[in-house]
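Notes to accompany the following structure.
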Amino acid sequence: MKLRLNNILLLLTFTIAVNANGLNYSTTKPLVFGIDKDYPPLEYVDEKGNPSGVDVEFTKLLMERLGIPVKFAPNNWTAIAGDVLSGKVDLGMMVYSPYRKDVTNYSRAVFRLYHQIVTRKDEKRNYGLRDVKGMKIALMYSRPVIDTLQRAGAKIVLVEDLTKAFRDLSAGKYDALICYRYQAKSLIAMHKFTNLVGEDLTLTPREYCYVSHDEKLINAINKELDAMEDEGVMDEVYANVASSFNGVIIPKWVWIATAALVFAILLGVIWMQRRYNGKLKTALALARESEEKARQSEEIAQKSAEEARISEERAKHNEEIAKASEERAKHNEEIAKASEERAKHNEEIAKANEEKAKANEEAARKSEELKEIFFSNMSHSLRTPLNAIIGFSDLLMSMEDGAMPREDRDNLLQLINKNGLDLLHLVNELLSLSEVEDDGQTFKREVVDVDNEMGLYASEIRAQLREGVELEVVEPIDGLRALVDKKLMRVVTMHLLDNALQHTSEGKITLTYFLKEGGLYAEVKDTGEGLPEKLKQNIFGLLSDRNAYTHDESQENPGLGLSVCKSIIDRCNGKIGARDNTEDGKGTIFWYWVPTEILS
């Protein structure tokens, strides 16, 4: 047993040596750990000027286990953060940021931080991120929180001294203050801010990690953190501030007391077992004697049971014969019933085939009608710009230089250019439709910031709006990132926005998008001309047009925009539709939904 314990201790010693090996820290050159001098209860300098806080306590214990001498360097947070990221300080602790992951090294999370909004009690209400528009809110720099508040319309005030910010909030300088849950609890209690109260926010929790320019040091820390979590050391040290371990933190002494109690119970059981050992032996002898008598009785009973079994088997055999006859009769009955159902089924199939033939005949008729109208539209759409280009160019070539005023000549050249662009647009849409309909077409999904993309689409359309028309974007308050094909999302959304632009001469166009049933839902609502009644059932067919719902002599640049949208959405296993804008009393709502993976 002693040899096994010695081997285990030797193995632990070797592991610790490997974790810290080659890090080049010594008593003459200790590891420098930067701490915020005013960040209670995690890091701060006490009244005697000594580094204090839970981070300091835990880091001392961690470095002791790694065999690394440590020296604490207090400073203000801005200086500490810069020193850690630049490598002037060996180690620090900060919230994980995806924006900094490529310039420094983060350890695994020590625990997670949850946000609260702190307000004055006499002005408290049920604050949510939708209720902060126009409010003056103080916070330390956090890019995700700032982005969220800006989208919600809040007035942001950045602070560096959190204690001072709490005093200013208590005095009425701000409407609210956002910080982490443990900070709010600690500072309110420490400075007796009796008129302040904190309330949880539904923001994504942040991971609190060690950070260093030394990747080898972070790797050694990660190994030791895993061991400390398994031993319960991490829970024990951070018990008053951690809120990430999803359960009740049980102190170490409770486990020791429980083990001692179990050991005492085992000793009592052993003592009781020895005390009654003699009685058990006597009872065992009596049991053996009774067992022998029972064995003899059992043999007699077995003979009787064997005879009963033979009789039972004969009766069972006769019963099976009767049951087989009954099942045979039932089977014949089922065969007759099945034959009847088969005849009925064949009759239904014949009727369904007849109806299907009628439906196919009607579909073929409608298809021929649609093709005729489509080719008529395309013929007109191709001839119109070609006639203009050929006619105007013939006119220019037949005239001598100087025979036409410069201004008229430029106008004709602009018309030739415009009709050429219109013709190119139509050809590109035909090619787009062909590519989407091709079975070999593949889609490239990537992580897309949907808020940013939708904002870019809106910016392009706003530059083309007619006078008296406005464009509004309604976006999710917490932001949205999804795994989609950015190119195809742009094609569909821009087609719908462009369609609304062409048919809205006054009022408003609204772009809305949000999560719905495991996918991305988007809609474009306008207060324009509305859907023609005769095309409501086939608005996404080959009759669809970028600038008009059907072809007439007045339309310009007819296209296949809605048909391309329908093909893209179908290939993505999504849905697309259109309906009247009954909310505003006029106009149209085009919408689409595609299944996608939504990312936090």
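Residues in the structure tokens are named by chain (A, B, ... in the order shown) and by number from 1 within that chain; ligands are numbered from 1 in the order shown.
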**Request:** Tell me, as a VMD selection string, which residues lie within 7 Å of A:Ser107, counting only C-alpha atoms; anything in the same chain fewer than 6 positions away does not count.
**Result:** chain A and resid 209 to 211 218 222
Just write the chosen residues, N, CA, C and O atoms, as a short mmCIF file (atom, residue, chain, number, x, y, z; two decimals), in the first residue's frame.
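File produced: result_19.cif:
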data_model
loop_
_atom_site.label_atom_id
_atom_site.label_comp_id
_atom_site.auth_asym_id
_atom_site.auth_seq_id
_atom_site.Cartn_x
_atom_site.Cartn_y
_atom_site.Cartn_z
N CYS A 209 -11.40 34.48 -17.84
CA CYS A 209 -10.28 33.59 -18.11
C CYS A 209 -8.96 34.25 -17.72
O CYS A 209 -8.85 35.47 -17.54
N TYR A 210 -7.91 33.41 -17.62
CA TYR A 210 -6.54 33.91 -17.57
C TYR A 210 -6.13 34.28 -19.00
O TYR A 210 -6.55 33.64 -19.97
N VAL A 211 -5.28 35.31 -19.13
CA VAL A 211 -4.83 35.73 -20.45
C VAL A 211 -3.35 36.09 -20.38
O VAL A 211 -2.88 36.67 -19.40
N ILE A 218 -0.15 29.44 -20.63
CA ILE A 218 -1.60 29.20 -20.65
C ILE A 218 -1.89 27.70 -20.72
O ILE A 218 -2.83 27.20 -20.08
N ASN A 222 -4.12 25.67 -18.02
CA ASN A 222 -5.32 24.89 -18.38
C ASN A 222 -5.30 23.50 -17.75
O ASN A 222 -6.31 23.02 -17.24
#
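Distances to A:Glu470 were evaluated for A:Thr493, A:Asn499, A:Thr504, A:Asn50 using only C-alpha atoms, and the minimum falls at A:Thr504.
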Any idea what's packed within 6 Å of stretch 156-164 of chain A, counting only C-alpha atoms, ignoring anything in its chain fewer than 6 positions away? Could you give it as an mmCIF file with all heavy atoms, in the first residue's frame?
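Output (around-v1.cif):
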data_model
loop_
_atom_site.group_PDB
_atom_site.id
_atom_site.type_symbol
_atom_site.label_atom_id
_atom_site.label_comp_id
_atom_site.auth_asym_id
_atom_site.auth_seq_id
_atom_site.Cartn_x
_atom_site.Cartn_y
_atom_site.Cartn_z
ATOM 1 N N ILE A 137 -27.230 55.540 -19.930
ATOM 2 C CA ILE A 137 -26.775 54.319 -19.268
ATOM 3 C C ILE A 137 -25.248 54.310 -19.225
ATOM 4 O O ILE A 137 -24.576 54.494 -20.243
ATOM 5 C CB ILE A 137 -27.286 53.069 -19.995
ATOM 6 C CG1 ILE A 137 -28.814 53.064 -19.974
ATOM 7 C CG2 ILE A 137 -26.743 51.801 -19.354
ATOM 8 C CD1 ILE A 137 -29.416 51.872 -20.668
ATOM 9 N N ALA A 138 -24.694 54.081 -18.031
ATOM 10 C CA ALA A 138 -23.249 54.022 -17.838
ATOM 11 C C ALA A 138 -22.792 52.575 -17.831
ATOM 12 O O ALA A 138 -23.503 51.684 -17.360
ATOM 13 C CB ALA A 138 -22.859 54.698 -16.517
ATOM 14 N N LEU A 139 -21.565 52.302 -18.347
ATOM 15 C CA LEU A 139 -20.987 50.973 -18.312
ATOM 16 C C LEU A 139 -19.514 51.063 -18.644
ATOM 17 O O LEU A 139 -19.058 52.033 -19.266
ATOM 18 C CB LEU A 139 -21.673 50.042 -19.312
ATOM 19 C CG LEU A 139 -21.394 50.266 -20.809
ATOM 20 C CD1 LEU A 139 -21.626 48.980 -21.579
ATOM 21 C CD2 LEU A 139 -22.271 51.378 -21.361
ATOM 22 N N MET A 140 -18.744 50.060 -18.198
ATOM 23 C CA MET A 140 -17.361 49.924 -18.629
ATOM 24 C C MET A 140 -17.346 49.353 -20.039
ATOM 25 O O MET A 140 -18.304 48.699 -20.456
ATOM 26 C CB MET A 140 -16.581 49.025 -17.665
ATOM 27 C CG MET A 140 -16.517 49.594 -16.238
ATOM 28 S SD MET A 140 -15.511 48.593 -15.126
ATOM 29 C CE MET A 140 -13.868 49.029 -15.669
#
**Prompt:** Can you list, as a VMD selection string, every protein, DNA or RNA residue that comes within 8 Å of A:Gln116 when you count only C-alpha atoms, leaving out same-chain residues fewer than 3 positions away?
**Reply:** chain A and resid 178 to 181 184 198 to 201
Residues of the last selection are to be written out with all heavy atoms, as a compact mmCIF listing (two decimals), in the first residue's frame.
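Contents of the output file out-v8.txt:
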# COMPACT_ATOMS: atom_id res chain seq x y z
N ILE A 178 -24.96 49.35 -16.23
CA ILE A 178 -24.88 47.92 -16.54
C ILE A 178 -23.50 47.41 -16.11
O ILE A 178 -22.47 47.99 -16.46
CB ILE A 178 -25.11 47.66 -18.03
CG1 ILE A 178 -26.57 47.97 -18.39
CG2 ILE A 178 -24.79 46.21 -18.40
CD1 ILE A 178 -26.90 47.77 -19.85
N CYS A 179 -23.51 46.31 -15.34
CA CYS A 179 -22.26 45.68 -14.89
C CYS A 179 -22.56 44.20 -14.66
O CYS A 179 -23.65 43.71 -14.96
CB CYS A 179 -21.74 46.34 -13.61
SG CYS A 179 -22.87 46.19 -12.21
N TYR A 180 -21.58 43.47 -14.10
CA TYR A 180 -21.81 42.06 -13.82
C TYR A 180 -22.52 41.89 -12.48
O TYR A 180 -22.44 42.73 -11.59
CB TYR A 180 -20.48 41.30 -13.80
CG TYR A 180 -19.81 41.28 -15.14
CD1 TYR A 180 -18.54 41.81 -15.33
CD2 TYR A 180 -20.46 40.74 -16.24
CE1 TYR A 180 -17.92 41.79 -16.57
CE2 TYR A 180 -19.86 40.71 -17.49
CZ TYR A 180 -18.60 41.25 -17.65
OH TYR A 180 -18.01 41.23 -18.88
N ARG A 181 -23.22 40.77 -12.36
CA ARG A 181 -24.06 40.51 -11.18
C ARG A 181 -23.26 40.61 -9.87
O ARG A 181 -23.70 41.24 -8.92
CB ARG A 181 -24.69 39.11 -11.32
CG ARG A 181 -25.65 38.74 -10.21
CD ARG A 181 -26.03 37.27 -10.30
NE ARG A 181 -26.72 36.98 -11.54
CZ ARG A 181 -26.89 35.75 -12.02
NH1 ARG A 181 -26.41 34.72 -11.34
NH2 ARG A 181 -27.55 35.56 -13.15
N ALA A 184 -22.38 44.25 -8.92
CA ALA A 184 -23.51 45.00 -8.36
C ALA A 184 -23.74 44.61 -6.90
O ALA A 184 -23.89 45.47 -6.03
CB ALA A 184 -24.77 44.73 -9.19
N GLY A 198 -30.41 45.92 -8.31
CA GLY A 198 -29.98 45.29 -9.56
C GLY A 198 -31.03 44.32 -10.08
O GLY A 198 -31.78 43.72 -9.31
N GLU A 199 -31.05 44.18 -11.39
CA GLU A 199 -32.01 43.29 -12.04
C GLU A 199 -31.30 42.59 -13.21
O GLU A 199 -30.57 43.23 -13.97
CB GLU A 199 -33.20 44.10 -12.56
CG GLU A 199 -34.24 43.27 -13.31
CD GLU A 199 -35.36 44.13 -13.86
OE1 GLU A 199 -35.45 45.32 -13.47
OE2 GLU A 199 -36.13 43.64 -14.69
N ASP A 200 -31.47 41.26 -13.35
CA ASP A 200 -30.78 40.48 -14.38
C ASP A 200 -31.23 40.90 -15.79
O ASP A 200 -32.38 41.25 -16.00
CB ASP A 200 -31.04 38.98 -14.21
CG ASP A 200 -30.26 38.42 -13.04
OD1 ASP A 200 -29.33 39.10 -12.57
OD2 ASP A 200 -30.57 37.31 -12.59
N LEU A 201 -30.26 40.82 -16.74
CA LEU A 201 -30.53 41.10 -18.15
C LEU A 201 -30.33 39.82 -18.96
O LEU A 201 -29.49 38.98 -18.62
CB LEU A 201 -29.57 42.17 -18.68
CG LEU A 201 -29.85 43.62 -18.29
CD1 LEU A 201 -28.77 44.52 -18.83
CD2 LEU A 201 -31.20 44.06 -18.83
**Item:** Shell of 12 Å around A:Ile598, only C-alpha atoms, local chain residues under 5 positions omitted, as number ranges by chain
**Value:** A: 446-450, 479-484, 514-521
**Request:** List every residue of stretch 193-274 of chain A that DSSP, applied to the backbone of this structure, assigns to helix (DSSP H, G or I), and report them as a VMD selection string.
**Result:** chain A and resid 215 to 231 233 to 237 252 to 274
